[in-house]
Each structure stands twice: as C-alpha cells, then as structure tokens.
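This report refers to the structure that appears directly beneath it.
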Amino acid sequence: MFPAWGRYSNRRGRVIPGSIRMLARGRGTLLNPRMPHPDTWLKPMPQGLYCEPGDFFIDPARVVERAVVTHAHADHARPGHKAVLATDATLALMRARMGAKRAGGTQQALAYGEAITVGEVRVRLHPAGHVLGSAQVEMTYRGSRAVVSGDYKRVPDPTCAPFEPIPCDVFVTEATFGLPLFLHPPPEQEIARLLASMALFPDRTHVVGCYSLGKCQRTIALLRRAGWDAPIWLHPSLAAMCAVYEACGVALGDLRPVAQMRDPSGALVLAPPGSPVPRAVRPVVVAASGWMRVRARAKASGAELPLIVSDHADWAELNRTIDDTGAPEVWITHGWEAPLIHAAGLRGIRGRALRLVGYGDEETVDMENAG
Ligand SMILES: [Zn+2]
Ligand SMILES: [Zn+2]
C-alpha cells in the first residue's frame, strides 16, 4: 500500500544493548569501532538532513521524494513531498494547514514506538513533547544509532505526549534557546499572571497573541487547568488547528468564533500575534512566547503583558536532554549552537554544528512565510 516506505514491521523495537553498554563505558567513543559512525550515513545536504542507507530526508526544507517529518510546524513540514512518514496527528495537522494534496503524495503514519525498515535503516518515532504529534526520529543502521529530536521541550504539556530520552550514538538537537540566559519560568506561573490581569481589569478584553499550532492549544489547556472554564474566543485561523487537537482527543473546553462575540467586555480572545480584534474593549495585548524573556523582543511585540511560554527546550532542558540520551556526540541543527557545543564539550561530549538552513522558531518562520 505504501511502496515508498518499504517493509513495515509493526513490531515494538527494543533499546539496542550496544548503546546501553556504551553508557556504562563512558563517553567519547562508540562501543564498537566496526559500527559505521553516523557521520558516514547521516549527512547534512542543501535539502536537509539526509539518511543515505534509507534514502530519505528528515524535515527537508525543499521538496524531496521521501521525507520523515518530525512535526507539523511550517519550518519542518513543507508542502509537496512525494512521500511523507510522520505520526497520525502530524499528518492530520499538515492536511489541516496545507490541504490533503499538498501534505504529501503518499502519507504514511507511524505510531510512537513502532518500527519500520526503510532501505537498510530501522526507523522509529518517539514523543518530543513539543506539539501534538511531534516526534523524534530514531534511526539504527548496522548497530549505530542516531536520534533527530526535531523541536522539543521537557516541561509537561497537557496537549501532547512527554519527551522520551532515547539512548543513541549521535543526538541531533535544535538550539533555539541555547543560551544560558534562556531559562523559562513554569508555564503555570505565567498563566497565573494572565488570570490576575483579567481579575484586575474585568471590563477590558484580553487578547492573547499566540501561534496557531501548539502555543494556542497549550495556552487554552493551561487556562482550563488553572480553572478558567468560561468561553475562549478564537480568531478563525486558530480554530482549524484546535479542531484537529479535539479530534485527536485533546479536550479544550468551550471555544467560540470571535465573530460571534456579543459582549467583548471581560472576554478572553486568542489570535495570531498582531491580528486586530474588532470590538475589543480597551484591549490588554498579551503575548505568549519564549522570546518574551528578551526585553527588546517583548517591547517590539507591543504586548502590555508579555508571558514567557515556550514550546522549545530552554538552556537547562537542552543540556539535561543531551545528558539523558547518553550520546557521546551531539549535532546541532540550528539556533545558538556555539554555547551549547562549548557546554557539552566541558562534559566530554563532542559537538558539531550542522547549520541547516530553513529552520527557526515557528513564530519567526511563520511571519516570514506570511510575508
Ligand atoms: Zn516546531
Ligand atoms: Zn522549528
């Protein structure tokens, strides 16, 4: 049915003992020198990261024959690939955002933990904790194993499965917030600041600017957990993504189209950053982003209430995750690679900057795409 992806084993794979033994022996070398080092079979190319013995790309920035897609954000899931392998939820989000046809000629879903053999490579997907459906790609070739994290975070998120560290020989990570100054506060604390503002200004309309995939649904889920069960009014561009989340079993409570809002006083509206909300009463502009840590960015956003809520790992999470994988070598796709490589090096972990182009934080990329 899916000739593009070869043999489908449908078996839950086991952790390769070699990698575990490698952990016990310490870092810096692969367990068995006869294993091919991942740099001989996983290569940065102009299109993106290429797995040669499997003949596929991971999150390619250009149109390719076969793409494994970690998650549905625009900088990772580009339209028009001939064949796409991703989780069910990622495929559903891709179809919702770009239409069924553009989401990929052949679309094959792979559940977390299930194994598929592509060419000579065994591929499995594992939760990345970034947005619904987000996955790390684990590839095993002749006993050597690389894991590409995609975007991820470690802080629990009620809208997606938690990140699972996978032992590997090379861990490929992002570094969007790879500077020691980026330490995200607990998201509950930031949501509490929003609720406090709503209590303080009960007549004003609070307009939360948030990205349509992930940030929006997480913000809603956090608000529900904090006890806000009143209707949340949605800008139309956010509603489609929320519908996919709900179809995937993530309950988001009473959501309504902002066009139907009769009494804007005291209302809570979610909209993409910068979108006008008609009839808003003396709007309190709220922004929810990891970049709100940077004063200049917070100021530029024009937000009266900047909330530091990020779907990307902060500095501590990046370093902890590299350690948790036990990988003797870490490759960095994009972001602040130099500080992270330096910090890893102090712990005996070899670092390499891939400098893949086309990735960014989804907010910036989406703004660029919107032109
Ligand atoms: Zn992302
Ligand atoms: Zn990204």
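All residue names refer to the structure tokens as shown: chains lettered A, B, ... in order, residues numbered from 1 in each chain, ligands numbered from 1 in order.
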Report task. Could you please extract the residues within 12 Å of ligand 1, counting only C-alpha atoms and all ligand atoms, and hand them back as a PyMOL selection string? Result -> chain A and resi 59+69-77+90+128-136+149-153+174-176+211-215+310-313+359-366
Give me a file of those residues, with N, CA and C atoms, as a tab-separated table (two decimals), in the first residue's frame.
chain	number	residue	atom	x	y	z
A	59	ASP	N	12.72	16.31	7.82
A	59	ASP	CA	12.28	17.72	7.80
A	59	ASP	C	12.97	18.53	6.70
A	69	VAL	N	8.87	13.51	8.67
A	69	VAL	CA	8.56	14.84	9.20
A	69	VAL	C	8.34	14.72	10.71
A	70	THR	N	9.11	15.51	11.48
A	70	THR	CA	9.03	15.41	12.94
A	70	THR	C	7.75	16.02	13.49
A	71	HIS	N	7.31	17.15	12.91
A	71	HIS	CA	6.07	17.77	13.39
A	71	HIS	C	5.57	18.78	12.36
A	72	ALA	N	4.37	19.28	12.59
A	72	ALA	CA	3.64	19.99	11.53
A	72	ALA	C	3.94	21.49	11.42
A	73	HIS	N	4.89	22.02	12.21
A	73	HIS	CA	5.23	23.44	12.06
A	73	HIS	C	5.80	23.71	10.66
A	74	ALA	N	5.56	24.93	10.20
A	74	ALA	CA	5.87	25.27	8.81
A	74	ALA	C	7.34	25.10	8.45
A	75	ASP	N	8.25	25.30	9.41
A	75	ASP	CA	9.67	25.19	9.08
A	75	ASP	C	10.16	23.74	9.02
A	76	HIS	N	9.33	22.80	9.44
A	76	HIS	CA	9.71	21.38	9.40
A	76	HIS	C	8.87	20.60	8.39
A	77	ALA	N	7.63	20.97	8.26
A	77	ALA	CA	6.70	20.27	7.37
A	77	ALA	C	6.41	21.15	6.16
A	90	THR	N	0.49	14.38	13.28
A	90	THR	CA	1.24	15.31	12.43
A	90	THR	C	0.66	15.35	11.02
A	128	ALA	N	8.24	13.91	21.32
A	128	ALA	CA	9.19	15.01	21.50
A	128	ALA	C	8.64	16.08	22.45
A	129	GLY	N	7.35	15.97	22.84
A	129	GLY	CA	6.79	16.90	23.82
A	129	GLY	C	6.69	18.34	23.35
A	130	HIS	N	6.75	18.57	22.06
A	130	HIS	CA	6.79	19.93	21.50
A	130	HIS	C	5.38	20.42	21.18
A	131	VAL	N	4.70	19.73	20.27
A	131	VAL	CA	3.28	19.99	19.96
A	131	VAL	C	2.64	18.63	19.71
A	132	LEU	N	1.32	18.62	19.54
A	132	LEU	CA	0.62	17.37	19.25
A	132	LEU	C	1.28	16.64	18.08
A	133	GLY	N	1.55	15.37	18.26
A	133	GLY	CA	2.11	14.55	17.18
A	133	GLY	C	3.61	14.68	17.00
A	134	SER	N	4.26	15.60	17.70
A	134	SER	CA	5.69	15.85	17.45
A	134	SER	C	6.52	14.63	17.85
A	135	ALA	N	7.53	14.33	17.03
A	135	ALA	CA	8.28	13.09	17.21
A	135	ALA	C	9.78	13.32	17.03
A	136	GLN	N	10.55	12.52	17.78
A	136	GLN	CA	11.97	12.37	17.48
A	136	GLN	C	12.09	11.21	16.51
A	149	SER	N	16.00	14.99	17.12
A	149	SER	CA	14.95	15.38	18.08
A	149	SER	C	13.84	16.19	17.44
A	150	GLY	N	14.11	16.88	16.33
A	150	GLY	CA	13.17	17.91	15.89
A	150	GLY	C	13.12	18.98	16.97
A	151	ASP	N	12.04	19.73	17.06
A	151	ASP	CA	11.87	20.66	18.18
A	151	ASP	C	11.32	19.87	19.37
A	152	TYR	N	11.69	20.28	20.58
A	152	TYR	CA	11.20	19.54	21.74
A	152	TYR	C	11.25	20.40	22.99
A	153	LYS	N	10.57	19.92	24.02
A	153	LYS	CA	10.70	20.50	25.35
A	153	LYS	C	10.48	19.41	26.37
A	174	GLU	N	18.02	20.68	18.31
A	174	GLU	CA	17.89	22.09	17.98
A	174	GLU	C	18.55	22.90	19.11
A	175	ALA	N	18.72	24.19	18.93
A	175	ALA	CA	19.26	25.03	20.00
A	175	ALA	C	18.63	26.43	19.92
A	176	THR	N	17.32	26.45	19.68
A	176	THR	CA	16.62	27.74	19.57
A	176	THR	C	16.92	28.65	20.77
A	211	TYR	N	0.82	31.64	18.56
A	211	TYR	CA	0.99	30.90	17.33
A	211	TYR	C	-0.11	29.83	17.21
A	212	SER	N	-0.58	29.60	15.95
A	212	SER	CA	-1.81	28.81	15.75
A	212	SER	C	-1.66	27.33	16.06
A	213	LEU	N	-0.46	26.78	15.95
A	213	LEU	CA	-0.28	25.35	16.20
A	213	LEU	C	0.62	25.15	17.42
A	214	GLY	N	0.03	24.64	18.47
A	214	GLY	CA	0.80	24.31	19.66
A	214	GLY	C	0.61	25.32	20.77
A	215	LYS	N	1.12	26.53	20.55
A	215	LYS	CA	1.03	27.55	21.60
A	215	LYS	C	-0.41	27.85	21.97
A	310	SER	N	7.03	28.88	26.28
A	310	SER	CA	7.73	28.38	25.10
A	310	SER	C	7.50	26.90	24.90
A	311	ASP	N	7.45	26.49	23.65
A	311	ASP	CA	7.36	25.07	23.31
A	311	ASP	C	8.73	24.50	22.95
A	312	HIS	N	9.78	25.29	23.17
A	312	HIS	CA	11.14	24.83	22.93
A	312	HIS	C	11.87	24.67	24.26
A	313	ALA	N	12.79	23.70	24.28
A	313	ALA	CA	13.61	23.49	25.46
A	313	ALA	C	14.41	24.75	25.78
A	359	TYR	N	15.33	26.45	9.18
A	359	TYR	CA	14.63	26.30	10.45
A	359	TYR	C	14.71	27.58	11.24
A	360	GLY	N	13.74	27.74	12.11
A	360	GLY	CA	13.78	28.86	13.02
A	360	GLY	C	12.75	28.57	14.07
A	361	ASP	N	12.47	29.52	14.92
A	361	ASP	CA	11.33	29.28	15.78
A	361	ASP	C	10.11	29.53	14.91
A	362	GLU	N	9.07	28.77	15.15
A	362	GLU	CA	7.94	28.78	14.22
A	362	GLU	C	7.29	30.16	14.11
A	363	GLU	N	7.38	30.93	15.18
A	363	GLU	CA	6.77	32.26	15.12
A	363	GLU	C	7.45	33.11	14.07
A	364	THR	N	8.77	33.13	14.09
A	364	THR	CA	9.52	33.94	13.13
A	364	THR	C	9.30	33.40	11.72
A	365	VAL	N	9.41	32.07	11.57
A	365	VAL	CA	9.28	31.47	10.26
A	365	VAL	C	7.90	31.73	9.68
A	366	ASP	N	6.90	31.61	10.53
A	366	ASP	CA	5.55	31.81	10.02
A	366	ASP	C	5.32	33.25	9.58
**Report entry** Residue neighbourhood Ala303 of chain A, 9 Å, only C-alpha atoms, exclusion window fewer than 5 positions, as a PyMOL selection string
**Finding:** chain A and resi 209+284-287+298
Query raised in the report: For ligand 2, which of A:Trp233, A:Phe171, A:Tyr141, A:Phe177 is the closest residue, counting only C-alpha atoms and all ligand atoms?
Result: A:Phe177
Query raised in the report: Taking the backbone alone, and naming residues the way the document does, which bits of segment 69-242 of chain A are helix (DSSP H, G or I) by DSSP, as JSON, numbers by chain?
Result: {"A": [88, 89, 90, 91, 92, 93, 94, 95, 96, 97, 98, 187, 188, 189, 190, 191, 192, 193, 194, 195, 196, 197, 198, 199, 200, 215, 216, 217, 218, 219, 220, 221, 222, 223, 224, 225, 236, 237, 238, 239, 240, 241, 242]}
Just-selected residues, C-alpha atoms written as a PDB file, in the first residue's frame:
ATOM      1  CA  ASP A  88      -1.012  10.269  12.591  1.00  0.00           C
ATOM      2  CA  ALA A  89      -1.542  13.583  14.378  1.00  0.00           C
ATOM      3  CA  THR A  90       1.243  15.307  12.431  1.00  0.00           C
ATOM      4  CA  LEU A  91      -0.284  14.164   9.139  1.00  0.00           C
ATOM      5  CA  ALA A  92      -3.729  15.369  10.260  1.00  0.00           C
ATOM      6  CA  LEU A  93      -2.294  18.764  11.237  1.00  0.00           C
ATOM      7  CA  MET A  94      -0.402  19.007   7.938  1.00  0.00           C
ATOM      8  CA  ARG A  95      -3.586  18.284   5.983  1.00  0.00           C
ATOM      9  CA  ALA A  96      -5.484  20.868   8.018  1.00  0.00           C
ATOM     10  CA  ARG A  97      -2.842  23.500   7.469  1.00  0.00           C
ATOM     11  CA  MET A  98      -1.922  22.957   3.789  1.00  0.00           C
ATOM     12  CA  PRO A 187       4.138  27.987  32.463  1.00  0.00           C
ATOM     13  CA  GLU A 188       1.555  27.806  35.273  1.00  0.00           C
ATOM     14  CA  GLN A 189       3.159  30.892  36.777  1.00  0.00           C
ATOM     15  CA  GLU A 190       2.788  32.805  33.507  1.00  0.00           C
ATOM     16  CA  ILE A 191      -0.850  31.716  33.106  1.00  0.00           C
ATOM     17  CA  ALA A 192      -1.487  32.894  36.679  1.00  0.00           C
ATOM     18  CA  ARG A 193      -0.217  36.343  35.631  1.00  0.00           C
ATOM     19  CA  LEU A 194      -2.768  36.365  32.811  1.00  0.00           C
ATOM     20  CA  LEU A 195      -5.606  35.371  35.159  1.00  0.00           C
ATOM     21  CA  ALA A 196      -4.502  38.050  37.633  1.00  0.00           C
ATOM     22  CA  SER A 197      -4.660  40.661  34.881  1.00  0.00           C
ATOM     23  CA  MET A 198      -8.166  39.525  33.933  1.00  0.00           C
ATOM     24  CA  ALA A 199      -9.219  39.844  37.562  1.00  0.00           C
ATOM     25  CA  LEU A 200      -7.620  43.288  37.776  1.00  0.00           C
ATOM     26  CA  LYS A 215       1.033  27.550  21.599  1.00  0.00           C
ATOM     27  CA  CYS A 216      -2.656  28.268  21.153  1.00  0.00           C
ATOM     28  CA  GLN A 217      -3.862  24.857  22.332  1.00  0.00           C
ATOM     29  CA  ARG A 218      -1.348  24.662  25.165  1.00  0.00           C
ATOM     30  CA  THR A 219      -2.374  28.106  26.404  1.00  0.00           C
ATOM     31  CA  ILE A 220      -6.031  27.029  26.349  1.00  0.00           C
ATOM     32  CA  ALA A 221      -5.253  23.760  28.175  1.00  0.00           C
ATOM     33  CA  LEU A 222      -3.208  25.608  30.814  1.00  0.00           C
ATOM     34  CA  LEU A 223      -6.032  28.110  31.312  1.00  0.00           C
ATOM     35  CA  ARG A 224      -8.527  25.241  31.752  1.00  0.00           C
ATOM     36  CA  ARG A 225      -6.241  23.593  34.309  1.00  0.00           C
ATOM     37  CA  PRO A 236     -10.664  31.944  12.685  1.00  0.00           C
ATOM     38  CA  SER A 237      -7.061  30.992  11.819  1.00  0.00           C
ATOM     39  CA  LEU A 238      -6.688  29.234  15.185  1.00  0.00           C
ATOM     40  CA  ALA A 239      -9.931  27.275  15.027  1.00  0.00           C
ATOM     41  CA  ALA A 240      -8.804  24.711  12.412  1.00  0.00           C
ATOM     42  CA  MET A 241      -5.802  23.575  14.455  1.00  0.00           C
ATOM     43  CA  CYS A 242      -7.925  23.393  17.632  1.00  0.00           C
TER      44      CYS A 242
END
Query raised in the report: Leaving out Ala327 of chain A and any residue of its chain fewer than 5 positions from it, which residues lie within 6 Å of it when counting only C-alpha atoms, given as a PyMOL selection string?
Result: chain A and resi 168-171
Print the selection's residues with C-alpha atoms to a file, as a PDB file, in the first residue's frame.
ATOM      1  CA  CYS A 168      21.980   6.852  20.999  1.00  0.00           C
ATOM      2  CA  ASP A 169      25.431   7.337  19.497  1.00  0.00           C
ATOM      3  CA  VAL A 170      24.628  10.733  17.994  1.00  0.00           C
ATOM      4  CA  PHE A 171      21.892  13.007  19.283  1.00  0.00           C
TER       5      PHE A 171
END
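Minimum atom-to-atom distances from A:Leu183, A:Ile332, A:Leu340, A:Met35 to Arg142 of chain A were compared using only C-alpha atoms, and the lowest value belongs to A:Met35.
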Might you pull out every residue within 7 Å of Thr87 of chain A, with only C-alpha atoms counted and same-chain residues fewer than 6 positions away left off, and present them as a PDB file with C-alpha atoms, in the first residue's frame?
ATOM      1  CA  ALA A 109       1.508   7.160   9.641  1.00  0.00           C
ATOM      2  CA  LEU A 110       3.873   5.569  12.130  1.00  0.00           C
ATOM      3  CA  ALA A 111       2.832   5.308  15.782  1.00  0.00           C
ATOM      4  CA  GLY A 133       2.114  14.550  17.178  1.00  0.00           C
TER       5      GLY A 133
END
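Between Arg124 of chain A and the residues A:Arg320, A:Arg154, A:Arg145, A:Arg347, the shortest atom-to-atom distance, using only C-alpha atoms, involves A:Arg145.
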Query raised in the report: Hey, what does DSSP flag as strand (DSSP E) within segment 191-337 of chain A? Can you give it to me as a ChimeraX atom specification?
Result: /A:206-209,232-234,255-257,268-271,284-288,305-307,329-335
Requested in this report: Do a neighbour search on Val357 of chain A at 9 Å with only C-alpha atoms, toss out local chain neighbours closer than 2 positions, and write the hits as a PyMOL selection string.
Outcome: chain A and resi 46-48+61+333-334+355+359-360
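Interatomic distance, atom CA of Met139 of chain A to atom CA of Pro339 of chain A: 26.7 Å.
Here the question is which of A:His235, A:Met292, A:Arg78, A:Arg62 gets nearest to ligand 2 using only C-alpha atoms and all ligand atoms, and that residue is A:Arg78.
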